[in-house]
Structure formats: C-alpha cells, structure tokens
file target.txt (compact mmCIF, C-alpha atoms and all ligand atoms)
# COMPACT_ATOMS: atom_id res chain seq x y z
CA MET A 14 -2.51 -46.49 -3.66
CA THR A 15 -1.44 -44.80 -0.43
CA ALA A 16 -3.36 -41.61 0.26
CA ARG A 17 -1.16 -38.54 0.14
CA LEU A 18 -1.65 -34.96 1.22
CA ARG A 19 -0.65 -32.46 -1.44
CA VAL A 20 0.13 -29.10 0.20
CA CYS A 21 0.93 -25.84 -1.52
CA ALA A 22 2.60 -23.06 0.49
CA LEU A 23 1.76 -19.64 -0.93
CA TYR A 24 4.53 -17.01 -0.77
CA PRO A 25 6.49 -19.03 1.83
CA GLU A 26 9.48 -16.67 1.84
CA LEU A 27 7.34 -13.55 2.33
CA MET A 28 4.45 -14.76 4.47
CA ASN A 29 6.18 -16.51 7.36
CA ILE A 30 6.12 -14.28 10.40
CA TYR A 31 6.37 -16.03 13.81
CA ALA A 32 7.73 -19.22 12.25
CA ASP A 33 4.43 -19.94 10.56
CA ARG A 34 6.28 -22.47 8.42
CA GLY A 35 6.06 -24.71 11.49
CA ASN A 36 2.47 -25.35 10.45
CA ILE A 37 3.73 -27.11 7.33
CA ALA A 38 6.21 -29.16 9.37
CA VAL A 39 3.35 -30.41 11.52
CA LEU A 40 1.22 -31.38 8.54
CA ARG A 41 4.17 -33.29 7.10
CA ALA A 42 4.92 -35.12 10.36
CA ARG A 43 1.29 -36.06 11.03
CA CYS A 44 1.03 -37.61 7.58
CA GLN A 45 4.36 -39.39 7.68
CA TRP A 46 3.79 -40.84 11.13
CA ARG A 47 0.63 -42.45 9.79
CA GLY A 48 2.24 -43.79 6.64
CA LEU A 49 0.44 -41.26 4.46
CA GLY A 50 2.27 -39.58 1.61
CA PHE A 51 3.07 -35.87 1.78
CA GLU A 52 3.96 -33.54 -1.08
CA LEU A 53 4.92 -29.91 -0.67
CA ALA A 54 4.83 -27.39 -3.49
CA ALA A 55 5.22 -23.62 -3.37
CA SER A 56 3.75 -20.79 -5.39
CA SER A 57 5.11 -17.28 -4.97
CA ILE A 58 5.24 -13.95 -6.79
CA GLY A 59 4.48 -14.45 -10.47
CA ASP A 60 4.04 -18.22 -10.22
CA PRO A 61 0.92 -19.89 -11.60
CA LEU A 62 -1.35 -21.94 -9.35
CA ASP A 63 -3.04 -25.12 -10.56
CA PRO A 64 -6.49 -25.26 -8.88
CA ASP A 65 -6.63 -29.06 -9.06
CA ALA A 66 -3.12 -29.92 -7.89
CA HIS A 67 -3.39 -29.39 -4.13
CA ASP A 68 -5.51 -30.69 -1.24
CA LEU A 69 -4.49 -27.93 1.17
CA LEU A 70 -3.32 -24.42 0.35
CA TYR A 71 -1.53 -22.52 3.06
CA ILE A 72 -0.59 -18.88 3.55
CA GLY A 73 1.08 -17.53 6.69
CA GLY A 74 1.36 -14.14 8.33
CA GLY A 75 3.37 -11.20 7.10
CA GLN A 76 4.46 -7.63 7.65
CA ASP A 77 2.36 -4.91 6.03
CA ARG A 78 5.12 -4.18 3.46
CA ASP A 79 5.38 -7.81 2.35
CA GLN A 80 1.61 -8.07 2.22
CA ALA A 81 1.49 -5.20 -0.26
CA ALA A 82 3.50 -7.14 -2.87
CA VAL A 83 1.68 -10.36 -2.12
CA ALA A 84 -1.78 -8.76 -2.31
CA GLN A 85 -1.26 -7.45 -5.84
CA ASP A 86 0.19 -10.74 -7.06
CA MET A 87 -2.45 -12.87 -5.41
CA VAL A 88 -5.24 -10.97 -7.12
CA ALA A 89 -3.43 -10.97 -10.47
CA THR A 90 -2.19 -14.57 -10.62
CA LYS A 91 -3.93 -16.73 -8.03
CA ARG A 92 -7.41 -15.43 -7.28
CA GLU A 93 -9.26 -17.60 -9.77
CA ALA A 94 -7.32 -20.74 -8.89
CA LEU A 95 -7.96 -20.22 -5.17
CA HIS A 96 -11.68 -19.77 -5.77
CA ALA A 97 -11.75 -22.91 -7.92
CA ALA A 98 -9.73 -24.95 -5.42
CA ALA A 99 -12.03 -23.92 -2.55
CA ALA A 100 -15.12 -24.67 -4.66
CA ARG A 101 -13.98 -28.27 -5.17
CA GLY A 102 -13.36 -28.68 -1.42
CA ALA A 103 -9.63 -28.08 -1.05
CA VAL A 104 -8.72 -26.72 2.37
CA VAL A 105 -7.45 -23.14 2.40
CA LEU A 106 -5.72 -22.25 5.68
CA ALA A 107 -4.68 -18.63 6.10
CA VAL A 108 -2.98 -17.13 9.15
CA CYS A 109 -2.97 -13.46 10.14
CA GLY A 110 -1.58 -11.43 7.21
CA GLY A 111 -2.67 -14.22 4.86
CA TYR A 112 -6.10 -14.28 6.49
CA GLN A 113 -6.52 -10.55 5.89
CA LEU A 114 -5.90 -11.06 2.16
CA LEU A 115 -8.73 -13.61 1.84
CA GLY A 116 -11.27 -10.82 2.22
CA HIS A 117 -12.23 -7.83 0.10
CA HIS A 118 -9.44 -5.46 1.12
CA TYR A 119 -7.00 -4.40 3.82
CA ARG A 120 -7.08 -0.64 4.26
CA LEU A 121 -4.02 1.09 5.75
CA GLY A 122 -4.71 4.81 5.85
CA GLU A 123 -4.68 6.03 2.25
CA GLN A 124 -3.50 2.69 0.91
CA GLU A 125 -5.89 -0.15 0.15
CA LEU A 126 -4.49 -3.63 -0.46
CA PRO A 127 -6.85 -5.73 -2.57
CA GLY A 128 -8.01 -9.12 -1.29
CA ILE A 129 -9.15 -12.12 -3.30
CA GLY A 130 -12.73 -11.99 -1.99
CA LEU A 131 -12.89 -15.65 -1.07
CA VAL A 132 -14.77 -14.75 2.09
CA ASP A 133 -16.92 -11.76 2.98
CA LEU A 134 -14.73 -9.68 5.27
CA HIS A 135 -12.58 -6.59 5.26
CA THR A 136 -9.71 -5.35 7.39
CA VAL A 137 -8.82 -1.84 8.50
CA ARG A 138 -5.61 -0.62 10.12
CA GLY A 139 -6.87 2.08 12.46
CA ASP A 140 -4.97 4.43 14.74
CA GLY A 141 -5.40 2.19 17.76
CA SER A 142 -2.66 0.05 19.28
CA ARG A 143 -1.77 -3.37 17.93
CA LEU A 144 -3.78 -6.29 19.27
CA ILE A 145 -1.11 -8.43 20.90
CA GLY A 146 -1.07 -11.34 23.31
CA ASN A 147 -1.97 -14.92 24.01
CA CYS A 148 -5.41 -15.81 22.81
CA ALA A 149 -7.80 -18.75 23.08
CA ILE A 150 -11.00 -19.38 21.18
CA GLU A 151 -13.68 -22.05 21.10
CA ALA A 152 -14.23 -23.52 17.65
CA ASP A 153 -16.21 -26.41 16.16
CA LEU A 154 -14.91 -27.98 12.97
CA GLY A 155 -17.63 -30.61 12.91
CA THR A 156 -16.39 -32.70 15.84
CA GLY A 157 -17.78 -30.66 18.72
CA PRO A 158 -16.44 -27.53 20.46
CA ARG A 159 -12.68 -27.48 21.05
CA VAL A 160 -10.18 -24.87 22.17
CA ILE A 161 -7.65 -23.33 19.79
CA ALA A 162 -4.89 -21.48 21.64
CA GLY A 163 -2.20 -19.28 20.15
CA PHE A 164 -0.65 -15.86 19.99
CA GLU A 165 -1.91 -12.83 18.09
CA ASN A 166 -0.13 -9.67 16.97
CA HIS A 167 -1.96 -7.58 14.41
CA GLY A 168 -2.57 -3.94 13.71
CA GLY A 169 -5.42 -4.71 11.33
CA ARG A 170 -8.98 -5.12 12.60
CA THR A 171 -11.09 -7.57 10.63
CA PHE A 172 -14.87 -7.37 10.30
CA LEU A 173 -16.96 -10.23 8.94
CA GLY A 174 -19.91 -9.66 6.61
CA ALA A 175 -23.36 -10.38 8.02
CA GLY A 176 -23.63 -13.91 6.61
CA GLU A 177 -20.09 -15.02 7.39
CA ARG A 178 -19.25 -17.42 10.24
CA PRO A 179 -16.23 -16.90 12.50
CA LEU A 180 -13.80 -19.75 13.14
CA GLY A 181 -14.53 -19.37 16.83
CA ARG A 182 -15.59 -17.22 19.75
CA VAL A 183 -12.94 -15.49 21.81
CA LEU A 184 -12.39 -16.95 25.28
CA ARG A 185 -9.33 -14.79 26.00
CA GLY A 186 -7.60 -12.21 23.86
CA HIS A 187 -8.70 -9.85 21.10
CA GLY A 188 -9.71 -11.88 18.04
CA ASN A 189 -10.76 -10.25 14.79
CA ASN A 190 -11.10 -6.70 16.03
CA GLY A 191 -11.12 -6.59 19.83
CA GLU A 192 -14.81 -5.66 19.83
CA ASP A 193 -17.22 -8.33 18.65
CA GLY A 194 -15.80 -11.42 20.37
CA LEU A 195 -15.32 -13.24 17.07
CA GLU A 196 -12.11 -14.80 15.78
CA GLY A 197 -11.20 -15.87 12.29
CA VAL A 198 -13.49 -17.08 9.59
CA MET A 199 -14.73 -20.47 8.44
CA ARG A 200 -16.68 -21.03 5.27
CA ALA A 201 -16.81 -24.74 4.36
CA THR A 202 -13.11 -25.65 3.95
CA VAL A 203 -11.80 -22.07 3.91
CA ILE A 204 -10.33 -21.15 7.29
CA GLY A 205 -8.68 -17.92 8.35
CA THR A 206 -7.34 -17.04 11.80
CA TYR A 207 -5.13 -14.52 13.54
CA LEU A 208 -3.54 -17.20 15.71
CA HIS A 209 0.16 -17.89 15.39
CA GLY A 210 2.22 -19.95 17.74
CA PRO A 211 2.65 -21.42 15.22
CA LEU A 212 -0.98 -22.48 15.10
CA LEU A 213 -0.82 -26.19 14.36
CA PRO A 214 1.98 -27.34 16.71
CA LYS A 215 -0.04 -25.87 19.59
CA ASN A 216 -3.35 -27.32 18.41
CA ILE A 217 -2.63 -30.75 17.04
CA TRP A 218 -6.30 -31.72 16.92
CA LEU A 219 -6.79 -28.90 14.42
CA ALA A 220 -3.90 -30.13 12.26
CA ASP A 221 -5.45 -33.60 12.12
CA ARG A 222 -8.92 -32.21 11.42
CA LEU A 223 -7.59 -30.17 8.50
CA ILE A 224 -5.88 -33.25 7.05
CA GLU A 225 -9.16 -35.16 7.41
CA LEU A 226 -11.07 -32.43 5.60
CA ALA A 227 -8.43 -32.18 2.88
CA LEU A 228 -8.29 -35.93 2.23
CA GLY A 229 -11.91 -36.76 3.02
CA THR A 230 -10.87 -39.60 5.34
CA ALA A 231 -10.88 -40.16 9.10
CA LEU A 232 -7.46 -40.42 10.76
CA GLY A 233 -6.44 -42.83 13.49
CA PRO A 234 -4.93 -41.60 16.75
CA LEU A 235 -1.22 -41.09 17.44
CA ASP A 236 0.64 -40.84 20.74
CA ASP A 237 0.14 -37.13 21.40
CA ALA A 238 1.59 -36.76 24.90
CA VAL A 239 4.07 -34.06 23.85
CA GLU A 240 1.58 -32.30 21.58
CA ASP A 241 -1.08 -32.32 24.30
CA ALA A 242 1.41 -30.79 26.73
CA ALA A 243 2.13 -28.00 24.21
CA HIS A 244 -1.60 -27.36 23.87
CA ALA A 245 -2.06 -27.27 27.66
CA CYS A 246 0.85 -24.83 27.90
CA ALA A 247 -0.69 -22.53 25.25
CA ARG A 248 -4.03 -22.66 27.06
CA ARG A 249 -2.41 -21.83 30.39
CA ALA A 250 -0.59 -18.90 28.78
CA ALA A 251 -3.95 -17.57 27.60
CA GLY A 252 -5.54 -18.26 31.01
CA VAL A 253 -8.03 -20.87 29.78
N1 LIG B 301 0.61 -6.94 8.94
C1 LIG B 301 -0.65 -7.41 9.49
C2 LIG B 301 -1.11 -6.60 10.67
O1 LIG B 301 -0.31 -6.05 11.38
C3 LIG B 301 -0.54 -8.88 9.82
C4 LIG B 301 0.48 -9.17 10.89
C5 LIG B 301 0.76 -10.61 11.11
O2 LIG B 301 0.70 -11.44 10.17
N2 LIG B 301 1.14 -10.95 12.33
O3 LIG B 301 -2.28 -6.52 10.92

call {"tool": "encode", "arguments": {"input": "target.txt", "output": "structure tokens", "more": "lines below"}}
Ligand code: GLN
result
Amino acid sequence: MTARLRVCALYPELMNIYADRGNIAVLRARCQWRGLGFELAASSIGDPLDPDAHDLLYIGGGQDRDQAAVAQDMVATKREALHAAAARGAVVLAVCGGYQLLGHHYRLGEQELPGIGLVDLHTVRGDGSRLIGNCAIEADLGTGPRVIAGFENHGGRTFLGAGERPLGRVLRGHGNNGEDGLEGVMRATVIGTYLHGPLLPKNIWLADRLIELALGTALGPLDDAVEDAAHACARRAAGV
C-alpha cells in the first residue's frame, strides 16, 4: 500500500495568521510530488479529535481574541487526544499563537488563557513592545544543525521550563522572549515555533524532515531550486 500522510489542521479558520495555511499546502505538495498519499482533515471548535487518526497535527498562529476561544475549546475537547497522539509519536507542529497554547498558560494582564500542557512552558504578554521582524535560528532535528528562517510578530513572551529543549538558538531576531536566545520548543515529535513566513515554504528541509518523522520513513530528494532560493531569500532578509 502506498504510504500516506494524514494531516489534521486544528482550528484552521481561526488560527491562520500570516497565511499559515501555506504550511499545509507545502506538506501536500511534497507528498504528492513523491507519489505519497495525502489526507487533510480539520478539527475546530467543538469537534472531537481522534488520537489515532493523524500522523501530523498542525495549529497556526492567531490573534489574542481568537486564541481565547480556541484555548478554552482545546483544553475541553482536544487536550487528551493531543497528549495521546504525541505519546504514540505523531508530529505536532504549532506556530506562534498555536505554540503558545501548547504550554501551561498564556497570561494577558488579568486574563489567563489555559494551555494543554503538552510541553513545559508558559507565555506572558507584558507591557513591552511586540517582538517583530525577520528571524533566523539554528536547529537540529536529528540530521545536523540547519538554519530555519522566518518572520516573527508576537506580543507574548514564552519561557521554557528548566528541562525543556528549544527548537533552536537565535541567530538573528528575538525568539521566545527576546532575552534568553532560545526559540521554540522541541520535545520528541512535538515542535513549537514563533516563525511564520509561512514557516515551511521558506524552510523546505524542515517540511521534509517533519514528513519523515510523521511517517517513520526516509524521503528521497526533489528538485528544490525554487525552494532553496526562497530559503536563501529568507536568510538574507534576516541577515544570516
Ligand atoms: N496573539 C499572539 C501574540 O501576539 C500570537 C500572535 C501570532 O500568532 N502571530 O503573542
């Protein structure tokens, strides 16, 4: 049987700032160009989530107000399934607002949005200015250090717990909080990052690596001349 990647987009209509849905388009194309199957499901407010039905679960970025509705629903209807999916090795990829909701909470003044506690981190929206700009980090997803380049725009500052690993170290830009030089989180197959762009079109090696992790197979190369040019452009924009 042909291998197929089963993707579930969480809250796609609410968590899709900066065209984050482009990440899904890239996953689809990379599979189809290799003759792999691709299935896309969605789970939004009030929908159940089957922990065994997906190889990769994706949540994009969002405005604070959309995150508030999503946060409550995610804890109420999807927390257990997301923990179970991650425990059996499904990839969870969360960008920006989605990333913030993977942790314990996102505090905005008096309001505290609950997270699903899949990773040990918390986020605080302080009085300081938003952290905005092109950003590049160095990350290793098991194939040696590589650059991930993208664009960040977040008011929240994220702090990892003592035992938690970042996705990468900041080369240029702000990262999790503009202070500790760390960006994102990576615990086994759970990955969170502040980088939009969208993320995967600008970092095609990362898209392929996530498919490999999700399917448990190595992928052959494709002609990536255009994708490599996009990556080089994103790196230049960040000054790396
Ligand atoms: N609303 C969140 C913040 O400002 C996330 C923003 C985003 O997803 N770009 O921190």

call {"tool": "closest_atom_pairs", "arguments": {"input": "target.txt", "of": "range 46-72 of chain A", "to": "range 24-27 of chain A", "cutoff": "9 Å", "atoms": "all atoms listed in the file", "output": "Markdown table"}}
result
| residue | atom | partner | partner_atom | distance |
| --- | --- | --- | --- | --- |
| A:Ala55 | CA | A:Pro25 | CA | 7.1 |
| A:Ser56 | CA | A:Tyr24 | CA | 6.0 |
| A:Ser57 | CA | A:Tyr24 | CA | 4.2 |
| A:Ile58 | CA | A:Tyr24 | CA | 6.8 |
| A:Tyr71 | CA | A:Pro25 | CA | 8.8 |
| A:Ile72 | CA | A:Tyr24 | CA | 7.0 |

call {"tool": "closest_atom_pairs", "arguments": {"input": "target.txt", "of": "chain A", "to": "ligand LIG 301 (chain B)", "cutoff": "8 Å", "atoms": "all atoms listed in the file", "output": "tab-separated table"}}
result
residue	atom	partner	partner_atom	distance
A:Met28	CA	B:LIG301	O2	7.6
A:Asn29	CA	B:LIG301	O2	8.0
A:Ile30	CA	B:LIG301	O2	6.1
A:Tyr31	CA	B:LIG301	N2	7.4
A:Gly73	CA	B:LIG301	O2	7.0
A:Gly74	CA	B:LIG301	O2	3.3
A:Gly75	CA	B:LIG301	O2	4.1
A:Gln76	CA	B:LIG301	N1	4.1
A:Asp77	CA	B:LIG301	N1	4.0
A:Arg78	CA	B:LIG301	N1	7.6
A:Gln80	CA	B:LIG301	N1	6.9
A:Val108	CA	B:LIG301	O2	6.9
A:Cys109	CA	B:LIG301	O2	4.2
A:Gly110	CA	B:LIG301	O2	3.7
A:Gly111	CA	B:LIG301	O2	6.9
A:Gln113	CA	B:LIG301	C3	7.3
A:Arg138	CA	B:LIG301	O3	6.8
A:Arg143	CA	B:LIG301	O1	7.2
A:Glu165	CA	B:LIG301	N2	6.8
A:Asn166	CA	B:LIG301	N2	5.0
A:His167	CA	B:LIG301	O3	3.7
A:Gly168	CA	B:LIG301	O3	3.8
A:Gly169	CA	B:LIG301	O3	3.6
A:Arg170	CA	B:LIG301	O3	7.0
A:Tyr207	CA	B:LIG301	N2	7.3
A:His209	CA	B:LIG301	N2	7.6

call {"tool": "closest_atom_pairs", "arguments": {"input": "target.txt", "of": "range 48-142 of chain A", "to": "range 214-238 of chain A", "cutoff": "12 Å", "atoms": "only C-alpha atoms", "output": "JSON lines"}}
result
{"residue": "A:Gly48", "atom": "CA", "partner": "A:Leu232", "partner_atom": "CA", "distance": 11.1}
{"residue": "A:Leu49", "atom": "CA", "partner": "A:Leu232", "partner_atom": "CA", "distance": 10.1}
{"residue": "A:Gly50", "atom": "CA", "partner": "A:Leu228", "partner_atom": "CA", "distance": 11.2}
{"residue": "A:Phe51", "atom": "CA", "partner": "A:Ile224", "partner_atom": "CA", "distance": 10.7}
{"residue": "A:His67", "atom": "CA", "partner": "A:Ala227", "partner_atom": "CA", "distance": 9.1}
{"residue": "A:Asp68", "atom": "CA", "partner": "A:Ala227", "partner_atom": "CA", "distance": 5.3}
{"residue": "A:Leu69", "atom": "CA", "partner": "A:Ala227", "partner_atom": "CA", "distance": 6.0}
{"residue": "A:Leu70", "atom": "CA", "partner": "A:Ala227", "partner_atom": "CA", "distance": 9.6}
{"residue": "A:Tyr71", "atom": "CA", "partner": "A:Leu223", "partner_atom": "CA", "distance": 11.2}
{"residue": "A:Ala98", "atom": "CA", "partner": "A:Ala227", "partner_atom": "CA", "distance": 11.1}
{"residue": "A:Ala99", "atom": "CA", "partner": "A:Ala227", "partner_atom": "CA", "distance": 10.5}
{"residue": "A:Arg101", "atom": "CA", "partner": "A:Ala227", "partner_atom": "CA", "distance": 10.5}
{"residue": "A:Gly102", "atom": "CA", "partner": "A:Ala227", "partner_atom": "CA", "distance": 7.4}
{"residue": "A:Ala103", "atom": "CA", "partner": "A:Ala227", "partner_atom": "CA", "distance": 5.8}
{"residue": "A:Val104", "atom": "CA", "partner": "A:Ala227", "partner_atom": "CA", "distance": 5.5}
{"residue": "A:Val105", "atom": "CA", "partner": "A:Ala227", "partner_atom": "CA", "distance": 9.1}
{"residue": "A:Leu106", "atom": "CA", "partner": "A:Leu223", "partner_atom": "CA", "distance": 8.6}

call {"tool": "atom_distance", "arguments": {"input": "target.txt", "atom1": "CA of Ser142 in chain A", "atom2": "CA of Leu208 in chain A"}}
result
17.6 Å

call {"tool": "residues_around", "arguments": {"input": "target.txt", "residues": "Leu126 in chain A", "least_positions_apart": "4", "cutoff": "10 Å", "atoms": "only C-alpha atoms", "output": "list of chain:residue names"}}
result
A:Asp77, A:Gln80, A:Ala81, A:Ala82, A:Val83, A:Ala84, A:Gln85, A:Val88, A:Gln113, A:Leu114, A:His117, A:His118, A:Tyr119, A:Arg120, A:Leu121, A:Thr136

call {"tool": "atom_distance", "arguments": {"input": "target.txt", "atom1": "CA of Leu131 in chain A", "atom2": "CA of Leu154 in chain A"}}
result
18.8 Å

call {"tool": "closest_residue", "arguments": {"input": "target.txt", "among": "A:Ala175, A:Leu134, A:Ala247, A:Ile204", "to": "Val160 in chain A", "atoms": "only C-alpha atoms"}}
result
A:Ala247

call {"tool": "atom_distance", "arguments": {"input": "target.txt", "atom1": "CA of Val39 in chain A", "atom2": "CA of Pro211 in chain A"}}
result
9.7 Å

call {"tool": "closest_residue", "arguments": {"input": "target.txt", "among": "A:Arg41, A:Gly197, A:Met87, A:Glu93", "to": "Asp63 in chain A", "atoms": "only C-alpha atoms"}}
result
A:Glu93

call {"tool": "closest_residue", "arguments": {"input": "target.txt", "among": "A:Pro179, A:Pro127, A:Gly146, A:Gly59", "to": "Ala162 in chain A", "atoms": "all atoms listed in the file"}}
result
A:Gly146

call {"tool": "residues_around", "arguments": {"input": "target.txt", "residues": "Cys246 in chain A", "least_positions_apart": "2", "cutoff": "12 Å", "atoms": "only C-alpha atoms", "output": "ChimeraX atom specification"}}
result
/A:147,149,161-163,210,214-216,239-244,248-253

call {"tool": "residues_around", "arguments": {"input": "target.txt", "residues": "Glu177 in chain A", "least_positions_apart": "4", "cutoff": "12 Å", "atoms": "only C-alpha atoms", "output": "ChimeraX atom specification"}}
result
/A:116,131-135,172-173,181,195-201,203-205

call {"tool": "residues_around", "arguments": {"input": "target.txt", "residues": "Ala66 in chain A", "least_positions_apart": "6", "cutoff": "9 Å", "atoms": "all atoms listed in the file", "output": "list in words"}}
result
Arg19, Val20, Cys21 and Ala98 of chain A

call {"tool": "closest_residue", "arguments": {"input": "target.txt", "among": "A:Ala152, A:Leu180, A:Leu23, A:Ala16", "to": "Gln45 in chain A", "atoms": "only C-alpha atoms"}}
result
A:Ala16

call {"tool": "closest_residue", "arguments": {"input": "target.txt", "among": "A:Leu212, A:Leu144, A:Leu53, A:Val137", "to": "His187 in chain A", "atoms": "all atoms listed in the file"}}
result
A:Leu144

call {"tool": "closest_residue", "arguments": {"input": "target.txt", "among": "A:Gly35, A:Gly139, A:Gly186, A:Gly128", "to": "Leu213 in chain A", "atoms": "only C-alpha atoms"}}
result
A:Gly35

call {"tool": "build_atoms", "arguments": {"input": "target.txt", "residues": "range 157-187 of chain A", "atoms": "N, CA and C atoms", "output": "compact mmCIF listing (two decimals), in the coordinates of the input"}}
result
# COMPACT_ATOMS: atom_id res chain seq x y z
N GLY A 157 -17.46 -31.19 17.40
CA GLY A 157 -17.78 -30.66 18.72
C GLY A 157 -16.86 -29.51 19.09
N PRO A 158 -17.24 -28.72 20.09
CA PRO A 158 -16.44 -27.53 20.46
C PRO A 158 -15.09 -27.91 21.05
N ARG A 159 -14.04 -27.26 20.56
CA ARG A 159 -12.68 -27.48 21.05
C ARG A 159 -12.00 -26.13 21.21
N VAL A 160 -10.93 -26.11 21.98
CA VAL A 160 -10.18 -24.87 22.17
C VAL A 160 -9.01 -24.80 21.19
N ILE A 161 -8.85 -23.65 20.57
CA ILE A 161 -7.65 -23.33 19.79
C ILE A 161 -6.93 -22.24 20.56
N ALA A 162 -5.66 -22.47 20.88
CA ALA A 162 -4.89 -21.48 21.64
C ALA A 162 -3.68 -21.05 20.83
N GLY A 163 -3.35 -19.78 20.91
CA GLY A 163 -2.20 -19.28 20.15
C GLY A 163 -1.85 -17.87 20.59
N PHE A 164 -1.15 -17.20 19.70
CA PHE A 164 -0.65 -15.86 19.99
C PHE A 164 -1.03 -14.94 18.83
N GLU A 165 -1.51 -13.77 19.15
CA GLU A 165 -1.91 -12.83 18.09
C GLU A 165 -1.09 -11.55 18.19
N ASN A 166 -0.82 -10.96 17.03
CA ASN A 166 -0.13 -9.67 16.97
C ASN A 166 -0.49 -9.03 15.64
N HIS A 167 -1.51 -8.20 15.66
CA HIS A 167 -1.96 -7.58 14.41
C HIS A 167 -2.42 -6.15 14.66
N GLY A 168 -2.08 -5.31 13.67
CA GLY A 168 -2.57 -3.94 13.71
C GLY A 168 -3.93 -3.85 13.03
N GLY A 169 -4.16 -4.71 12.06
CA GLY A 169 -5.42 -4.71 11.33
C GLY A 169 -6.57 -5.24 12.19
N ARG A 170 -7.73 -4.64 11.97
CA ARG A 170 -8.98 -5.12 12.60
C ARG A 170 -9.85 -5.67 11.48
N THR A 171 -10.32 -6.89 11.68
CA THR A 171 -11.09 -7.57 10.63
C THR A 171 -12.56 -7.63 11.03
N PHE A 172 -13.42 -7.35 10.06
CA PHE A 172 -14.87 -7.37 10.30
C PHE A 172 -15.52 -8.30 9.29
N LEU A 173 -16.29 -9.26 9.80
CA LEU A 173 -16.96 -10.23 8.94
C LEU A 173 -18.26 -9.64 8.39
N GLY A 174 -18.60 -10.01 7.15
CA GLY A 174 -19.91 -9.66 6.61
C GLY A 174 -21.01 -10.37 7.37
N ALA A 175 -22.24 -9.90 7.19
CA ALA A 175 -23.36 -10.38 8.02
C ALA A 175 -23.57 -11.89 7.92
N GLY A 176 -23.35 -12.48 6.76
CA GLY A 176 -23.63 -13.91 6.61
C GLY A 176 -22.44 -14.81 6.87
N GLU A 177 -21.33 -14.24 7.27
CA GLU A 177 -20.09 -15.02 7.39
C GLU A 177 -19.95 -15.56 8.81
N ARG A 178 -19.45 -16.80 8.93
CA ARG A 178 -19.25 -17.42 10.24
C ARG A 178 -17.81 -17.23 10.70
N PRO A 179 -17.60 -16.95 11.99
CA PRO A 179 -16.23 -16.90 12.50
C PRO A 179 -15.69 -18.33 12.66
N LEU A 180 -14.38 -18.45 12.78
CA LEU A 180 -13.80 -19.75 13.14
C LEU A 180 -14.19 -20.10 14.57
N GLY A 181 -14.18 -19.09 15.43
CA GLY A 181 -14.53 -19.37 16.83
C GLY A 181 -14.92 -18.12 17.58
N ARG A 182 -15.25 -18.33 18.86
CA ARG A 182 -15.59 -17.22 19.75
C ARG A 182 -14.44 -17.03 20.72
N VAL A 183 -14.10 -15.80 20.97
CA VAL A 183 -12.94 -15.49 21.81
C VAL A 183 -13.23 -15.86 23.27
N LEU A 184 -12.33 -16.67 23.85
CA LEU A 184 -12.39 -16.95 25.28
C LEU A 184 -11.48 -15.98 26.03
N ARG A 185 -10.29 -15.76 25.46
CA ARG A 185 -9.33 -14.79 26.00
C ARG A 185 -8.58 -14.16 24.83
N GLY A 186 -8.36 -12.87 24.92
CA GLY A 186 -7.60 -12.21 23.86
C GLY A 186 -8.49 -11.26 23.07
N HIS A 187 -8.02 -10.89 21.88
CA HIS A 187 -8.70 -9.85 21.10
C HIS A 187 -9.54 -10.38 19.94
